[in-house]
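Undergrad: My questions will all concern the structure given below.
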Amino acid sequence: MIIKFKLNGKEIVRNVLPHKRAIDFLRDDLGILSIKEGCGEGECGACTILVNGKNVHSCLMLAVELDGKEVISIEGMKDNIIKDAYVEAGAVQCGFCTPGFIISTHALLSKNPEPTDEEIDEALEGNLCRCTGYLKIRDAVKLAAKKLKEKGSDKIDS
Ligand code: FES
Ligand code: FES
């Protein structure tokens, strides 16, 4: 099936097999290597991408479901505020989970620029980290929110 969608701002047109997963298509065919496969079952969030502004697990989607959508991976995020906040807060260790967390943080802060701790935990509950601990990740989200506020943008660039 021919699908047409936007990936990180670029129009993509490709013929894909109906049973191919979005994660395999994006990584193997299009070279988007920030998308990681952890569990392959929608539990870990390492494969998270933004689809029409919503964070979703690409291991649970078929490539054909991307048709007509706007897709963003970490490669397509124009500003580095969230990424830098993760580094500054020490919320990165092995980094395997980090792209997924950053995408979910982006989705949260786009809707809610000043989230509470509970809202942060809820927004990130689909992402798992095995090495850093969630307190530093929560700090990173708060730091990113503060920096975005200082920058004065009411909308995050993606
Ligand atoms: S690889 Fe998709 S949620 Fe774990
Ligand atoms: S930083 Fe290693 S799994 Fe999260």
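By convention here, the chains of the structure tokens are called A, B, ... in the order presented, each chain's residues are numbered starting at 1, and ligands are numbered starting at 1 in the order presented.
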To test your reading of the structure, identify every residue in segment 14-119 of chain A that backbone DSSP assigns to strand (DSSP E or B), and report it as a list in words.
TA: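 Here are the strand (DSSP E or B) residues of segment 14-119 of chain A: Arg14, Asn15, Arg21, Thr48, Ile49, Leu50, Val51, Lys54, Asn55, Val56, His57, Leu62, Glu70, Val71 and Ile72 of chain A.
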Undergrad: Write as an NGL selection string the residues around ligand 1, taking 6 Å as the cut-off and counting only C-alpha atoms and all ligand atoms.
TA: :A and (37-47 or 57-59)
Undergrad: What do you get as a PyMOL selection string if you pick all residues at most 9 Å from ligand 2, counting only C-alpha atoms and all ligand atoms?
TA: chain A and resi 46+91-98+101+128-133
Undergrad: Run DSSP on the backbone and give me the residues of segment 10-101 of chain A it puts in helix (DSSP H, G or I), as a PyMOL selection string.
TA: chain A and resi 22-29+58-60+63-66+74-76+81-88+98-101
Undergrad: Go ahead and compute the interatomic distance for atom CA of Glu70 of chain A and atom CA of Gly53 of chain A, in Å to one decimal.
TA: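 So the answer is 7.8 Å.
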Undergrad: I'd like the contact shell of Ile3 of chain A - 6 Å cut-off, only C-alpha atoms, skipping same-chain residues fewer than 4 positions apart - returned as a count of residues only.
TA: 3
Undergrad: Between A:Pro113, A:Gly100, A:Gly126, A:Gly152, which one has atoms that come closest to Ile35 of chain A, using only C-alpha atoms?
TA: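 With only C-alpha atoms as the atom set, the closest residue is A:Gly100.
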Undergrad: As an exercise, work out the distance from atom CA of Ser110 of chain A to atom CA of Lys78 of chain A in Å and give it to one decimal place.
TA: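 Going from atom CA of Ser110 of chain A over to atom CA of Lys78 of chain A covers 13.8 Å.
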Undergrad: Using only C-alpha atoms, which of A:Lys10, A:Lys20, A:Lys149, A:Lys136 sits nearest Glu65 of chain A?
TA: A:Lys20
Undergrad: So how far away is atom CA of Ala123 of chain A from atom CA of Ile23 of chain A, in Å?
TA: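 A separation of 21.2 Å between them.
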Undergrad: For a quick check of understanding, using only C-alpha atoms, which of A:Val71, A:Lys142, A:Asp28, A:Leu7 has the smallest distance to Asn55 of chain A?
TA: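 Nearest to Asn55 of chain A: A:Val71.
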Undergrad: Pick from A:Ile82, A:Ile120, A:Ile103, A:Val56: nearest to Lys146 of chain A, with only C-alpha atoms counted?
TA: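 Answer, going by the shortest atom-to-atom distance: A:Ile82.
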Undergrad: Which neighbours of Ile72 of chain A fall inside 8 Å, counting only C-alpha atoms, when residues of the same chain fewer than 5 positions from it are skipped, and could you give them as an mmCIF file with all heavy atoms, in the first residue's frame?
TA:
data_model
loop_
_atom_site.group_PDB
_atom_site.id
_atom_site.type_symbol
_atom_site.label_atom_id
_atom_site.label_comp_id
_atom_site.auth_asym_id
_atom_site.auth_seq_id
_atom_site.Cartn_x
_atom_site.Cartn_y
_atom_site.Cartn_z
ATOM 1 N N LEU A 7 7.161 13.342 7.894
ATOM 2 C CA LEU A 7 8.072 12.885 8.932
ATOM 3 C C LEU A 7 9.078 14.002 9.205
ATOM 4 O O LEU A 7 9.842 14.385 8.306
ATOM 5 C CB LEU A 7 8.807 11.623 8.483
ATOM 6 C CG LEU A 7 9.885 11.113 9.433
ATOM 7 C CD1 LEU A 7 9.307 10.736 10.783
ATOM 8 C CD2 LEU A 7 10.631 9.931 8.829
ATOM 9 N N ASN A 8 9.056 14.518 10.408
ATOM 10 C CA ASN A 8 9.959 15.605 10.788
ATOM 11 C C ASN A 8 9.930 16.734 9.760
ATOM 12 O O ASN A 8 10.963 17.265 9.343
ATOM 13 C CB ASN A 8 11.384 15.062 10.986
ATOM 14 C CG ASN A 8 11.430 14.097 12.161
ATOM 15 O OD1 ASN A 8 10.627 14.196 13.090
ATOM 16 N ND2 ASN A 8 12.343 13.145 12.114
ATOM 17 N N GLY A 9 8.718 17.049 9.309
ATOM 18 C CA GLY A 9 8.522 18.173 8.405
ATOM 19 C C GLY A 9 8.704 17.856 6.932
ATOM 20 O O GLY A 9 8.464 18.694 6.070
ATOM 21 N N ILE A 49 6.877 7.928 19.535
ATOM 22 C CA ILE A 49 6.947 9.000 18.534
ATOM 23 C C ILE A 49 5.724 9.898 18.740
ATOM 24 O O ILE A 49 4.763 9.496 19.410
ATOM 25 C CB ILE A 49 6.940 8.449 17.089
ATOM 26 C CG1 ILE A 49 5.745 7.493 16.871
ATOM 27 C CG2 ILE A 49 8.255 7.758 16.755
ATOM 28 C CD1 ILE A 49 5.550 7.047 15.424
ATOM 29 N N LEU A 50 5.781 11.082 18.133
ATOM 30 C CA LEU A 50 4.608 11.961 18.152
ATOM 31 C C LEU A 50 3.851 11.758 16.849
ATOM 32 O O LEU A 50 4.441 11.861 15.770
ATOM 33 C CB LEU A 50 5.026 13.427 18.202
ATOM 34 C CG LEU A 50 5.447 14.073 19.507
ATOM 35 C CD1 LEU A 50 5.797 15.537 19.258
ATOM 36 C CD2 LEU A 50 4.352 13.979 20.560
ATOM 37 N N VAL A 51 2.579 11.458 16.949
ATOM 38 C CA VAL A 51 1.731 11.344 15.765
ATOM 39 C C VAL A 51 0.592 12.334 15.939
ATOM 40 O O VAL A 51 -0.185 12.225 16.900
ATOM 41 C CB VAL A 51 1.194 9.909 15.591
ATOM 42 C CG1 VAL A 51 0.269 9.826 14.379
ATOM 43 C CG2 VAL A 51 2.344 8.924 15.428
ATOM 44 N N MET A 77 13.009 17.495 16.243
ATOM 45 C CA MET A 77 12.729 18.565 17.208
ATOM 46 C C MET A 77 13.709 19.700 16.990
ATOM 47 O O MET A 77 14.917 19.509 17.083
ATOM 48 C CB MET A 77 12.812 18.020 18.632
ATOM 49 C CG MET A 77 11.590 17.156 18.961
ATOM 50 S SD MET A 77 11.705 16.327 20.553
ATOM 51 C CE MET A 77 11.900 17.703 21.648
ATOM 52 N N SER A 158 8.601 22.140 17.193
ATOM 53 C CA SER A 158 8.912 20.728 16.961
ATOM 54 C C SER A 158 9.211 20.516 15.494
ATOM 55 O O SER A 158 9.148 21.412 14.705
ATOM 56 C CB SER A 158 7.767 19.839 17.390
ATOM 57 O OG SER A 158 6.607 20.175 16.699
#
